[in-house]
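S.K.: I'd like to ask you about the structure that follows.
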Amino acid sequence: MRPHDILMPTAAGLCCRLGGFHIDPVRPVDRAVITHGHSDHARAGHGTVLATQPTLDMMRLRYGNNFAGATQAVAYGETIRLGDTTVTFHPAGHVLGSAQVAVEAGGIRIVASGDYKDAPDPTCTPFEIVSCDVFITEATFGLPVFRHPDAAGEVRKLLDSVALFPERAHLVGAYSLGKAQRVIALIRQAGYDAPIYLHGAMEKITHYYQASGIALGELRPVKGVKKAELAGTITLAPPSATSDLWTRRFPDPLTAFASGWMRVRARARQRGVELPLVISDHADWDGLTATIAATGAGEVWVTHGQEDALVHWCQTKGLAARPLDLVGYGDEDEDVGIPTGESEAAEA
């Protein structure tokens with residue numbers, strides 16, 4: 001048996017015919033194994049979805065109770081049999097509930113990473129190295145230029161700005177699942193104990209994190225708060241909201257954006273970001289290469305990102321490597337929020 005007899009790229013996504021399932025399919029399939037709850041990986045309409053309980057809960061929050069025909073929760077370290085394969089979930093360190101998927105058959109183990117990071121994160125289970133024969137890695141930041149700074153230092157920039165401009169409201173653009181909650185937790189770790197405000201699209205997921213035991217301190221909805229009362233405060237919002245009419249409710253708003261892409265200053269200027277915060281929930285170049293080496297995999301498949309550079313690096317290390325060229329994956333949830341019953345325009 002060869003690796004591509006176990007997993008192979010198809011139009012719907014990574015397909016395991018031996019097990020009768022797809023991993024993070026981009027089209028409706030009979031059985032989907034989902035790595036995490038971001039909308040570019042977790043779509044509605046599948047017959048059966050297997051995922052960690054937090055990922056299933058995120059899909060339910062996003063898409064409603066009938067997002068799939070049936071669901072099955074799989075715990076970290078739990079091995080289940082699917083067809084002629086066994087499947088085990090391992091922590092990916094990306095967001096709450098995110099998992100790497102290890103698929104075994106014929107004495108071969110393939111690990112599909114999904115999205116992952118090896119940096120500390122107080123809001124999710126840390127990334128776990130899983131030894132394997134074939135490692136399928138993301139490459140979102142798969143160029144040597146992407147070396148993420150310490151996230152705590154980036155949050156300190158934010159708090160220094162709040163102290164320097166007490167008359168301004170600080171708006172932090174952050175993806176609604178994972179990034180926003182991590183930023184809030186980092187702000188609390190830095191000693192900031194004042195209330196933090198939330199855009200309506202952030203509330204359900206953030207409250208889910210709190211209900212899961214993640215300490216985020218006092219959070220308040222920004223809706224209904226008088227403009228003058230928001231001077232000197234911090235508000236988390238979807239990136240799209242920081243550039244629309246919604247911002248008019250704030251006094252002299254200062255816009256920040258927490259993303260690994262803020263390493264590229266042209267992106268920050270293009271978005272009109274005054275305070276770029278280089279905080280990423282994906283592994284940087286050093287994290288990607290260190291992880292590949294640590295898995296012991298002799299073969300590496302690279303997907304959704306800067307594939308060519310990482311493939312070349314693998315080949316220089318004597319590893320068999322190739323790009324998968326999967327489509328349909330990208331910046332997670334940039335313009336996706338949780339329905340609140342009212343539009344952002346109504347909130348303005």
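Identifiers in this document derive from the order of the structure tokens: chains are assigned A, B, ..., residues are numbered from 1 separately in each chain, and ligands are numbered from 1 in order of occurrence.
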Using DSSP on the backbone, list every residue of stretch 81-305 of chain A that comes out as strand (DSSP E), and give them as a PyMOL selection string.
M.R.: chain A and resi 81-82+85-91+99-105+108-112+134-139+170-173+196-198+219-221+234-237+254-258+275-277+299-305
S.K.: Distance table requested - stretch 177-229 of chain A against stretch 39-57 of chain A, cut-off 10 Å, only C-alpha atoms: one row per qualifying residue with the closest atom pair and its distance in Å to one decimal, ordered by chain and rising residue number, as a Markdown table.
M.R.:
```
| residue | atom | partner | partner_atom | distance |
| --- | --- | --- | --- | --- |
| A:Leu177 | CA | A:Ser39 | CA | 9.6 |
| A:Ile205 | CA | A:Asp57 | CA | 9.6 |
| A:Tyr208 | CA | A:Asp57 | CA | 8.8 |
| A:Tyr209 | CA | A:Pro54 | CA | 9.3 |
| A:Ser212 | CA | A:Pro54 | CA | 8.9 |
```
S.K.: Let's have the selection written as a PDB file, in the first residue's frame, with C-alpha atoms.
M.R.:
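For reference, out30.pdb as written:
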```pdb
ATOM      1  CA  LEU A 177     -13.267  32.309  16.303  1.00  0.00           C
ATOM      2  CA  ILE A 205     -18.432  32.445  20.279  1.00  0.00           C
ATOM      3  CA  TYR A 208     -18.923  29.844  24.457  1.00  0.00           C
ATOM      4  CA  TYR A 209     -15.218  30.122  25.298  1.00  0.00           C
ATOM      5  CA  SER A 212     -15.814  26.256  28.418  1.00  0.00           C
TER       6      SER A 212
END
```
S.K.: Near stretch 92-101 of chain A, within 6 Å and counting only C-alpha atoms, which residues show up once chain neighbours fewer than 4 positions away are dropped, as a list in words?
M.R.: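 With the cut-off at 6 Å, the set is Thr35, His36, Thr52, Pro54, Thr55, Thr88, Val111, Ala112, Ser113, Gly114, Tyr116, Lys117, Cys124, Thr125, Pro126, Phe127, Gly178 and Asp281 of chain A.
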S.K.: From the set A:Glu307, A:Gly296, A:Cys16, A:Gly64, which residue has the shortest atom-to-atom contact distance to A:Leu319, counting only C-alpha atoms?
M.R.: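 So, comparing all the options, the nearest one is A:Gly296.
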S.K.: Hey, which of A:Arg265, A:Leu288, A:Val183, A:His170 ends up closest to A:Gly232? Count only C-alpha atoms.
M.R.: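 For A:Gly232, the nearest of the candidates is A:His170.
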S.K.: Please extract the residues of stretch 38-100 of chain A with a backbone DSSP assignment of alpha helix (DSSP H) and present them as a list in words.
M.R.: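 Restricting stretch 38-100 of chain A to alpha helix (DSSP H) produces Gln53, Pro54, Thr55, Leu56, Asp57, Met58, Met59, Arg60, Leu61, Arg62 and Tyr63 of chain A.
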S.K.: Could you work out how far atom CA of A:Asp150 lies from atom CA of A:Trp313, giving the answer in Å with one decimal?
M.R.: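 Answer for the atom CA of A:Trp313 to atom CA of A:Asp150 separation: 24.3 Å.
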S.K.: Which residues of stretch 91-172 of chain A sit at most 9 Å from stretch 267-278 of chain A, using only C-alpha atoms? Give each one's shortest atom pair and distance in Å (one decimal place), in chain and ascending residue order, as CSV.
M.R.:
```
residue,atom,partner,partner_atom,distance
A:His148,CA,A:Val278,CA,6.6
A:Pro149,CA,A:Val278,CA,6.9
A:Asp150,CA,A:Val278,CA,8.6
A:Ala151,CA,A:Val278,CA,7.2
A:Glu154,CA,A:Leu277,CA,5.5
A:Val155,CA,A:Leu277,CA,7.4
A:Lys157,CA,A:Leu277,CA,7.9
A:Leu158,CA,A:Leu275,CA,7.6
A:Ser161,CA,A:Leu275,CA,8.7
A:Val172,CA,A:Leu275,CA,8.8
```
S.K.: Could you save the residues just selected, with C-alpha atoms, as a PDB file, in the first residue's frame?
M.R.:
```
ATOM      1  CA  HIS A 148       6.143  35.882  14.163  1.00  0.00           C
ATOM      2  CA  PRO A 149       7.209  37.972  17.160  1.00  0.00           C
ATOM      3  CA  ASP A 150       6.135  37.145  20.701  1.00  0.00           C
ATOM      4  CA  ALA A 151       2.376  37.760  20.913  1.00  0.00           C
ATOM      5  CA  GLU A 154       2.400  42.813  20.363  1.00  0.00           C
ATOM      6  CA  VAL A 155      -0.346  43.110  22.984  1.00  0.00           C
ATOM      7  CA  LYS A 157       2.005  47.725  21.970  1.00  0.00           C
ATOM      8  CA  LEU A 158      -1.781  47.878  22.134  1.00  0.00           C
ATOM      9  CA  SER A 161      -1.242  52.946  22.835  1.00  0.00           C
ATOM     10  CA  VAL A 172      -9.045  45.650  17.345  1.00  0.00           C
TER      11      VAL A 172
END
```
S.K.: Find the residues around A:Ile184 up to 9 Å (only C-alpha atoms counted), leave out those fewer than 5 positions away in its own chain, and share them as a list in words.
M.R.: Lys179, Gln189, Ile196, Leu216, Gly217 and Leu236 of chain A
